[in-house]
Amino acid sequence: MDRYEPLKIEAKWQKIWEEEKPFKVTEEPNVPKMMVAEMFPYPSGAGLHVGHVRNFTIVDVLTRFFMQQKINTMRPFGYDTFGLPAENYAIKTGTAPQDVTKTNIENFRKQAKRLGYAIDWDREINTSDPEYYKWTQWCFLQLYKKGLAYQKESYQWWCPVDQTVLANEQVENGHCWRCGHEVEKKKMKQWFFKITEYADELLEEIDSLDWPEKIKTMQKNWIGRSVGAEIEFLLDSRSSGAWQGEEKRRSPVATGRADAGREPSKNSITVFTTRPDTILGATFLVVAPEYPSLEALLTDDTREEVLAYKAASLKKSEIERQENKEKTGVFTGSYAINPATKEKIPIYVADYVLAGYGTGAIMAVPAYDDRDREFAEKFNLPIVEAELVDRDLYGTPKITYKMRDWLISRQRYWGCPIPIAYDKDGDPHPIPEDQLPVIHPEVKDYQPDDTGRSPLAKATDWLKVTIDGEEMTRETDTLDGYACSSWYLWRYASPHDDKAAWDKDAIKYWEPVDYYVGADHAVAHLLYIRFWCKFFADQGFLPFREPIKKLIYHGYINAPDGKKMSKSKGNVIDPLDVINEGYGADTLRTYEMFIGPVELDAAWDPRSVGGVYRFLNRCYNLVFKADDDAFSRSSGAWQGEEKRRSPVATGRADAGRENGIAIRHRVIKKVTTDIHKCQFNTAVAALMEYVNDLYKQGASEEDLITLAKLLKPFAPHLASEMLEKLGADDEWPVWDEKYLTSDTVEIIVQINGKLRAKLTVNAEDLEDEEKIKSLALADEKVAKYTTNGIRKSIFVKKSHLLNFVV
């Protein structure tokens, strides 16, 4: 080709890779291995966006980098396909989610291949494939057998439009994150995973993870371990709203607290506090609006106002309640006795107290707690600067967590069916493993039924199942999608195994995952996968307790104006448009690695895309626009068309090769080191600088081969074309330190901390501080600032820095 035509080059190599399958891997026990994976995507109908490209290209750069070092490297691919988008589309159009998902996956796969990713397509998985979710159901049953999958009644966010339970993070200002309708709290019997069983280990091992600090901090805060005590406060018997006598204790309101697991001890409220030593300053109690025995505290005078406040509070998310700057609350009408001071103190209900944290009741000590102080000041309650007491003298030592057990029930059709059935008494029974998978029935109507149950409830024939000779009714809830993604990394080790979720020998070879790349799910997914890993390690199914060695958490790519890309704003960049405009996939890949530090957000810049294209075009010209006689076998120097017109390039002889070798080894070290550090932008910048050097000084055949090899992780199609032309393999080059040592060094000279001069001195002169000072003072740029004398001089040999204080 006379000119760089990326689309032709890319089509050629993609066809070769499709036919030859060079990225297919198997276990090779005596060969070092790497496993690199991204957080697998949801395959939306819109296809890939530029955020996907950044995510996938980071993985691909690392994959090809390790492959070129002859490391047995697995780069799998998968799709997280269950969820509301496909179900809502089915409700609107009647198209089965299975059909929509199949179409979307085919589109994603086609686009990923257009980008030249080094994927082992034999390790492709799809969470809504029955061959996959059979084993998701198996995982559920293992947790169920050990009591870590259980049911209980609890208040949950409910969207009356989508007819499904929502997680806290899916509620925005009291409205559903997807449809925008106002949500409500609904008490329902739900399935949970007991993640709190592993809270201590999940927390204690965070510091040892090779993960970004901000992600580790977020996980610590989410777990929220608190060490304190539970203290019992007796209710004042004269309070008209307090529990009184045996009759009151048998009332349905009072006994209804059992589901929270904290039955009141007769006429008392048990609070949790991290500061039992401040009890002398406790001047009131506060209970959460969801406090199970709240109504037993009310009087005729307070009942209406308290219940109205409770209803309003239940429309707020816990995040809103915690962030609300203005404290609100209502007096219940009841009082308790401070066990330390014996004083009667009022009991309030307020939404800054959460039912799921501690006991759902706190002792308020406004002198020692800012939130309590704000509340006390608003309601004119006493603030007592009391002395501290011995922490060990009051209450029962207790550890509590901000993290709750994981709610996994979803009232949806398009999710993994929960493998449970109920007998005539309503008791749950596991579906036998030989009856897995429990497959979705075909339905015509994807709307939930009138009671809020999932569309599965309408499949009357499917609901019937026989277990041990007894006819039972299937569970109609499906699993939260996070359950499906909590084990998919292990399925990659043996994706077609029909005898086990994962092969033990394969997983021992390939995992834990060496590099895991993503931009979302800092808490939920990353916490859940750690929880499952520890559980299955305890059951003997996994040989490790942490699933991911190194986490790379990258920033987003925003619109050119810095705003978040969205369809509604019309500012979404389609990666295929960039490719098809003639820039090609290599330009797009390299640009997204060059756009900025991987951990930071970056704004799309069309001009920079063109700049990267021109850089790749220059790489092409170095190899493909040479006349046969332009390459000098004697000197090893080659000059492209541009440089043949340059006296600098054409004048370069054998004497210049020593410097050229040093430049080559320097760029090898720089790119290698930067990729290891995931500093992809500076690696690309180093390649750009290297190309500039080659145009200035001419290039040997070895220079060009090195360029192509270093370029390949970023622009694999062009680099493969260059290496084919040069008749070279793609094995990663290695630098030699002997070429990196210089006879001279540069000294930075500062006056009062400001740069005033740069000196080039012999390397051995670094050992002679006085000589360095003399040379610096002889420089006219330095001399004019030192005419009034020098108070002090500081020489930092390691940094090649000399500072004069004048």
# chains A, B, ... in the order shown; residues from 1 in each chain; ligands from 1
$ select_by_dssp --residues "range 3-229 of chain A" --states "strand (DSSP E)" --output "ChimeraX atom specification"
/A:33-38,72-74,77-79,124-126,149-159,164-166,171-172,175-176,184-193,225-229
$ write_last_selection --atoms "C-alpha atoms" --output "PDB file, in the first residue's frame"
ATOM      1  CA  LYS A  33       0.441 -17.605  33.386  1.00  0.00           C
ATOM      2  CA  MET A  34      -1.576 -14.401  33.511  1.00  0.00           C
ATOM      3  CA  MET A  35      -5.330 -13.905  33.632  1.00  0.00           C
ATOM      4  CA  VAL A  36      -6.618 -10.469  32.682  1.00  0.00           C
ATOM      5  CA  ALA A  37     -10.317  -9.589  32.639  1.00  0.00           C
ATOM      6  CA  GLU A  38     -12.649  -6.625  32.596  1.00  0.00           C
ATOM      7  CA  ASN A  72       0.422 -17.975  28.895  1.00  0.00           C
ATOM      8  CA  THR A  73      -2.227 -15.253  29.058  1.00  0.00           C
ATOM      9  CA  MET A  74      -5.977 -15.758  29.249  1.00  0.00           C
ATOM     10  CA  PHE A  77     -15.103 -12.321  27.647  1.00  0.00           C
ATOM     11  CA  GLY A  78     -18.660 -12.398  28.930  1.00  0.00           C
ATOM     12  CA  TYR A  79     -22.006 -10.668  29.192  1.00  0.00           C
ATOM     13  CA  GLU A 124     -17.239 -16.550  26.154  1.00  0.00           C
ATOM     14  CA  ILE A 125     -20.021 -16.718  28.767  1.00  0.00           C
ATOM     15  CA  ASN A 126     -23.531 -15.327  29.122  1.00  0.00           C
ATOM     16  CA  ALA A 149     -29.341 -17.961  52.192  1.00  0.00           C
ATOM     17  CA  TYR A 150     -32.449 -17.269  54.257  1.00  0.00           C
ATOM     18  CA  GLN A 151     -35.813 -15.486  54.294  1.00  0.00           C
ATOM     19  CA  LYS A 152     -37.141 -12.748  56.525  1.00  0.00           C
ATOM     20  CA  GLU A 153     -39.680  -9.973  56.443  1.00  0.00           C
ATOM     21  CA  SER A 154     -38.316  -6.467  56.100  1.00  0.00           C
ATOM     22  CA  TYR A 155     -39.148  -3.041  54.777  1.00  0.00           C
ATOM     23  CA  GLN A 156     -37.956  -2.650  51.215  1.00  0.00           C
ATOM     24  CA  TRP A 157     -38.115   0.056  48.612  1.00  0.00           C
ATOM     25  CA  TRP A 158     -40.876  -0.740  46.183  1.00  0.00           C
ATOM     26  CA  CYS A 159     -41.506   0.842  42.795  1.00  0.00           C
ATOM     27  CA  THR A 164     -40.084  -4.578  41.949  1.00  0.00           C
ATOM     28  CA  VAL A 165     -37.900  -4.141  45.003  1.00  0.00           C
ATOM     29  CA  LEU A 166     -35.154  -1.515  44.725  1.00  0.00           C
ATOM     30  CA  VAL A 171     -33.662   5.336  44.969  1.00  0.00           C
ATOM     31  CA  GLU A 172     -32.949   8.952  44.015  1.00  0.00           C
ATOM     32  CA  HIS A 175     -38.036   8.231  43.191  1.00  0.00           C
ATOM     33  CA  CYS A 176     -37.145   5.139  41.155  1.00  0.00           C
ATOM     34  CA  GLU A 184     -42.703   3.535  48.754  1.00  0.00           C
ATOM     35  CA  LYS A 185     -41.615   1.253  51.583  1.00  0.00           C
ATOM     36  CA  LYS A 186     -43.286  -2.116  51.669  1.00  0.00           C
ATOM     37  CA  LYS A 187     -42.922  -4.911  54.206  1.00  0.00           C
ATOM     38  CA  MET A 188     -42.233  -8.127  52.338  1.00  0.00           C
ATOM     39  CA  LYS A 189     -40.811 -11.586  52.845  1.00  0.00           C
ATOM     40  CA  GLN A 190     -37.524 -11.589  50.989  1.00  0.00           C
ATOM     41  CA  TRP A 191     -34.461 -13.757  50.401  1.00  0.00           C
ATOM     42  CA  PHE A 192     -31.107 -12.610  51.777  1.00  0.00           C
ATOM     43  CA  PHE A 193     -27.492 -13.767  51.689  1.00  0.00           C
ATOM     44  CA  ARG A 225     -17.595  -1.918  61.811  1.00  0.00           C
ATOM     45  CA  SER A 226     -18.433  -0.305  65.157  1.00  0.00           C
ATOM     46  CA  VAL A 227     -17.291  -1.530  68.568  1.00  0.00           C
ATOM     47  CA  GLY A 228     -19.474  -0.521  71.485  1.00  0.00           C
ATOM     48  CA  ALA A 229     -22.088  -1.785  73.906  1.00  0.00           C
TER      49      ALA A 229
END
$ residues_around --residues "Leu801 in chain A" --least-positions-apart "3" --cutoff "6 Å" --atoms "only C-alpha atoms" --output "list in words"
Ile747, Ile748, Phe795 and Val796 of chain A
$ residues_around --residues "Ala459 in chain A" --least-positions-apart "6" --cutoff "10 Å" --atoms "only C-alpha atoms" --output "CSV table (one decimal) with all heavy atoms, in the first residue's frame"
chain,number,residue,atom,x,y,z
A,440,HIS,N,-36.6,-20.6,32.8
A,440,HIS,CA,-37.8,-19.7,32.7
A,440,HIS,C,-38.8,-20.3,31.8
A,440,HIS,O,-38.5,-20.9,30.7
A,440,HIS,CB,-37.4,-18.3,32.0
A,440,HIS,CG,-36.4,-17.6,32.7
A,440,HIS,ND1,-35.0,-17.8,32.5
A,440,HIS,CD2,-36.5,-16.6,33.6
A,440,HIS,CE1,-34.3,-16.9,33.3
A,440,HIS,NE2,-35.2,-16.2,34.0
A,441,PRO,N,-40.1,-20.2,32.2
A,441,PRO,CA,-41.2,-20.6,31.3
A,441,PRO,C,-41.4,-19.5,30.2
A,441,PRO,O,-41.0,-18.4,30.4
A,441,PRO,CB,-42.4,-20.7,32.2
A,441,PRO,CG,-42.1,-19.7,33.3
A,441,PRO,CD,-40.6,-19.7,33.5
A,442,GLU,N,-42.0,-19.9,29.1
A,442,GLU,CA,-42.4,-18.9,28.2
A,442,GLU,C,-43.7,-18.2,28.7
A,442,GLU,O,-44.6,-18.9,29.1
A,442,GLU,CB,-42.7,-19.6,26.8
A,442,GLU,CG,-41.4,-20.1,26.1
A,442,GLU,CD,-41.7,-20.6,24.7
A,442,GLU,OE1,-42.8,-20.4,24.2
A,442,GLU,OE2,-40.8,-21.2,24.1
A,443,VAL,N,-43.7,-16.9,28.6
A,443,VAL,CA,-44.9,-16.2,29.0
A,443,VAL,C,-45.3,-15.1,28.0
A,443,VAL,O,-44.4,-14.7,27.2
A,443,VAL,CB,-44.7,-15.5,30.4
A,443,VAL,CG1,-44.4,-16.5,31.5
A,443,VAL,CG2,-43.6,-14.5,30.3
A,444,LYS,N,-46.5,-14.7,27.9
A,444,LYS,CA,-47.0,-13.7,27.0
A,444,LYS,C,-47.0,-12.3,27.6
A,444,LYS,O,-46.9,-11.3,26.9
A,444,LYS,CB,-48.3,-14.1,26.4
A,444,LYS,CG,-48.3,-15.4,25.6
A,444,LYS,CD,-49.7,-15.7,25.0
A,444,LYS,CE,-49.7,-17.0,24.2
A,444,LYS,NZ,-51.0,-17.3,23.7
A,445,ASP,N,-47.2,-12.3,28.9
A,445,ASP,CA,-47.3,-11.0,29.6
A,445,ASP,C,-46.1,-10.9,30.6
A,445,ASP,O,-46.0,-11.7,31.5
A,445,ASP,CB,-48.6,-11.0,30.3
A,445,ASP,CG,-48.8,-9.6,31.0
A,445,ASP,OD1,-48.0,-8.8,30.9
A,445,ASP,OD2,-49.8,-9.5,31.7
A,476,THR,N,-41.3,-17.7,43.0
A,476,THR,CA,-41.5,-16.8,41.8
A,476,THR,C,-40.5,-15.6,41.7
A,476,THR,O,-40.5,-14.9,40.7
A,476,THR,CB,-42.9,-16.3,41.7
A,476,THR,OG1,-43.2,-15.5,42.8
A,476,THR,CG2,-43.9,-17.4,41.5
$ residues_around --residues "Trp735 in chain A" --least-positions-apart "4" --cutoff "8 Å" --atoms "only C-alpha atoms" --output "PyMOL selection string"
chain A and resi 665-666+668-669
$ closest_residue --among "A:Tyr291, A:Tyr613, A:Phe284, A:Phe40" --to "Tyr335 in chain A" --atoms "only C-alpha atoms"
A:Phe284
$ residues_around --residues "range 422-432 of chain A" --least-positions-apart "5" --cutoff "10 Å" --atoms "only C-alpha atoms" --output "list in words"
Gln137, Trp138, Phe140, Leu141, Tyr144, Lys145, Tyr150, Gln151, Pro437, Val438, Lys464, Val465, Thr466, Ile467, Asp468, Glu470, Glu471, Met472, Thr473, Arg474 and Glu475 of chain A
$ closest_residue --among "A:Gly555, A:Gly174, A:Pro130, A:Pro41" --to "Asp498 in chain A" --atoms "only C-alpha atoms"
A:Pro130
$ residues_around --residues "Glu230 in chain A" --least-positions-apart "6" --cutoff "12 Å" --atoms "only C-alpha atoms" --output "short mmCIF file (atom, residue, chain, number, x, y, z; two decimals) with C-alpha atoms, in the first residue's frame"
data_model
loop_
_atom_site.label_atom_id
_atom_site.label_comp_id
_atom_site.auth_asym_id
_atom_site.auth_seq_id
_atom_site.Cartn_x
_atom_site.Cartn_y
_atom_site.Cartn_z
CA ARG A 262 -34.17 -7.67 69.26
CA ILE A 269 -35.46 -0.17 75.21
CA THR A 270 -32.01 -1.49 74.36
CA VAL A 271 -29.73 0.99 72.65
CA PHE A 272 -26.40 0.51 70.90
CA THR A 273 -23.64 3.04 71.48
CA THR A 274 -19.96 3.29 70.60
CA ARG A 275 -19.48 5.62 73.59
CA PRO A 276 -20.86 3.91 76.71
CA ILE A 279 -23.90 7.74 79.51
CA GLY A 358 -27.32 -1.43 66.01
CA THR A 359 -30.70 -1.90 67.68
CA GLY A 360 -32.50 0.89 65.84
CA ALA A 361 -32.40 2.97 69.04
CA ILE A 362 -29.72 5.28 70.41
CA MET A 363 -28.99 7.18 73.59
CA ARG A 391 -16.38 2.10 79.42
CA ASP A 392 -16.46 -1.37 80.93
CA LEU A 393 -19.04 -0.55 83.65
CA TYR A 394 -22.16 -0.31 81.52
CA GLY A 395 -24.13 -2.59 79.18
CA THR A 396 -23.06 -5.64 77.14
CA PRO A 397 -20.04 -5.39 74.79
CA LYS A 398 -21.22 -5.51 71.19
CA ILE A 399 -19.84 -5.20 67.66
CA THR A 400 -22.21 -4.02 64.97
#
$ residues_around --residues "range 528-538 of chain A" --least-positions-apart "6" --cutoff "10 Å" --atoms "only C-alpha atoms" --output "JSON, numbers by chain"
{"A": [139, 142, 143, 146, 148, 193, 194, 195, 196, 197, 198, 199, 201, 202, 406, 482, 483, 484, 485, 486, 487, 488, 489, 490, 512, 544, 545, 546, 547, 548]}
$ closest_residue --among "A:Ser566, A:Asn338, A:Thr299, A:Thr332" --to "Ala282 in chain A" --atoms "only C-alpha atoms"
A:Asn338
$ closest_residue --among "A:Ala86, A:Ala118, A:Ala501, A:Val59" --to "Tyr132 in chain A" --atoms "only C-alpha atoms"
A:Ala501
$ select_by_dssp --residues "range 88-145 of chain A" --states "helix (DSSP H, G or I)" --output "VMD selection string"
chain A and resid 88 to 93 97 to 114 121 to 123 130 to 145
$ atom_distance --atom1 "CA of Gly596 in chain A" --atom2 "CA of Phe615 in chain A"
16.7 Å
$ closest_residue --among "A:Leu740, A:Arg618, A:Gly356, A:Tyr591" --to "Asp605 in chain A" --atoms "only C-alpha atoms"
A:Tyr591
$ atom_distance --atom1 "CA of Glu746 in chain A" --atom2 "CA of Thr760 in chain A"
4.6 Å
